[in-house]
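Enquirer: This is the structure I want to talk about, given as structure tokens.
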Amino acid sequence: MQATAAAFLARPHPRLLRIGRWGADGAASVRGGILALPPRLRGPRCSMSLSIGGGAGASEDRGFSYEHVPVFPRYRIRDPYKLLGVDRDASEEEIRGARNFLVQQYAGHEPSEEAIEGAYEKIIMKSYQQRKKTKINLKTKLKKRVEESPSWVKALLGYFEVPSMDIISRRLLFFAFIAGWSIATSAENGPAFQLAISLFSCIYFLNDKMKNLLRASTTGFGVLVGGWIIGSLLVPLIPTFIIPPSWSLELLTSLVAYVFLFLGCTFLK
């Protein structure tokens with residue numbers, strides 16, 4: 001048996017034979033310089049699907065097959081709300097959640113992904129345009145109300161302005177710090193020092209806008225006096241169970257004065 005195996009291995013393989021004669025029986029023939037084997041020695045033919053890039057025609061057909069990829073059934077619908085399956089009054093969180101769910105569900109099918117992303121962008125853009133339009137309409141309505149108001153209202157509104165949110169937030173934080181400082185030291189002494197700092201700060205902010213130190217000083221002092229008077233009238237009306245026991249009448253009045261100083265130096269022209 002070993003001799004038979006050795007003889008078989010020593011024997012040349014039929015498929016590697018080149019130009020030459022196979023034997024006297026003429027079972028093999030030479031075709032174009034390659035030895036053609038007889039049908040009995042040929043192996044079975046193997047076919048390969050061209051849809052996955054195999055076979056000789058792979059270079060000609062390189063298209064992607066979506067045969068086993070899930071297809072979004074509504075990807076041809078034009079209405080973006082119906083395509084995503086959300087209501088027209090849905091929030092942005094709900095719309096974003098529906099978009100993320102569908103993208104994960106039908107990932108791999110390019111037309112479905114493009115339709116989902118396109119519907120989401122259309123809804124978000126429409127929502128942004130509506131908010132912008134509403135904001136413009138609100139400004140237009142306020143402007144129209146001011147124009148239709150009496151002359152004394154127009155004259156009164158002429159003394160006020162609305163600065164940027166950066167200025168408002170910084171001054172709000174400053175006076176909030178002064179108020180917290182007054183509350184923290186209320187048990188030791190009164191808020192006289194904090195009131196003086198807030199008054200000088202208010203005058204500084206007003207002078208930066210008015211460019212007139214005398215006018216800014218008069219306005220700031222008037223705002224402080226007005227806030228102190230109104231605070232002394234409002235504080236006794238507050239129920240005592242709301243106010244902490246350590247807060248004195250002077251501290252509460254000072255807190256009201258801080259509010260008036262903030263409004264005065266921020267919104268007065």
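In the structure tokens, the first chain shown is A, the next is B, and so on; residue numbers restart at 1 for each chain, and ligands run from 1 in the order shown.
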Can you list, as a list in words, every protein, DNA or RNA residue that comes within 12 Å of Ile124 in chain A when you count only C-alpha atoms, leaving out same-chain residues fewer than 6 positions away?
Expert: Pro80, Tyr81, Arg88, Ala90, Ser91, Glu92, Glu93, Glu94, Ile95, Arg96, Arg99, Glu117, Gly118, Gln130 and Arg131 of chain A
Enquirer: Rounded to one decimal place, report the CA of Glu250 in chain A-CA of Phe160 in chain A distance in Å.
Expert: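 Pair CA of Glu250 in chain A / CA of Phe160 in chain A returns 29.2 Å.
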Enquirer: To test your reading of the structure, identify every residue in range 109-253 of chain A that backbone DSSP assigns to helix (DSSP H, G or I), and report it as a PyMOL selection string.
Expert: chain A and resi 110-148+151-157+165-184+192-210+213-237+249-253
Enquirer: Counting only C-alpha atoms, figure out which residue out of A:Leu252, A:Ile167, A:Ile238, A:Ala216 gets nearest to Ile203 in chain A.
Expert: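 Counting only C-alpha atoms, the residue closest to Ile203 in chain A is A:Ala216.
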Enquirer: Determine, counting only C-alpha atoms, which protein, DNA and RNA residues have an atom within 10 Å of an atom of Phe193 in chain A; residues of the same chain fewer than 5 positions away are not included. Present the result as a list in words.
Expert: Ile178, Ser182, Ser198 and Leu199 of chain A
Enquirer: Hey, can you spit out that residue selection with N, CA, C and O atoms as a short mmCIF file (atom, residue, chain, number, x, y, z; two decimals), in the first residue's frame?
Expert:
data_model
loop_
_atom_site.label_atom_id
_atom_site.label_comp_id
_atom_site.auth_asym_id
_atom_site.auth_seq_id
_atom_site.Cartn_x
_atom_site.Cartn_y
_atom_site.Cartn_z
N ILE A 178 -23.90 91.17 45.73
CA ILE A 178 -24.04 92.16 46.80
C ILE A 178 -25.14 91.74 47.77
O ILE A 178 -25.00 91.86 49.00
N SER A 182 -24.76 90.78 51.74
CA SER A 182 -25.52 91.45 52.79
C SER A 182 -26.22 90.44 53.69
O SER A 182 -26.26 90.61 54.92
N SER A 198 -23.03 99.33 46.06
CA SER A 198 -24.03 99.21 44.99
C SER A 198 -24.40 100.56 44.40
O SER A 198 -24.61 100.69 43.19
N LEU A 199 -24.44 101.62 45.24
CA LEU A 199 -24.75 102.96 44.73
C LEU A 199 -23.64 103.48 43.82
O LEU A 199 -23.91 103.98 42.72
#
Enquirer: Check the smallest atom-to-atom distance from each of A:Ala179, A:Met210, A:Ala192, A:Val71 to Leu268 in chain A using only C-alpha atoms, then report the winner.
Expert: A:Met210
Enquirer: Just to confirm, what's the straight-line distance from CA of Thr218 in chain A to CA of Ser164 in chain A in Å (one decimal)?
Expert: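 Going from CA of Thr218 in chain A over to CA of Ser164 in chain A covers 24.6 Å.
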Enquirer: Could you tell me which of A:Ala176, A:Cys265, A:Leu102, A:Ala115 comes closest to Asn207 in chain A if we count only C-alpha atoms?
Expert: A:Cys265
Enquirer: Find the distance between CA of Ala196 in chain A and CA of Asp208 in chain A and write it in Å to one decimal.
Expert: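 Here the two named atoms are 18.5 Å from each other.
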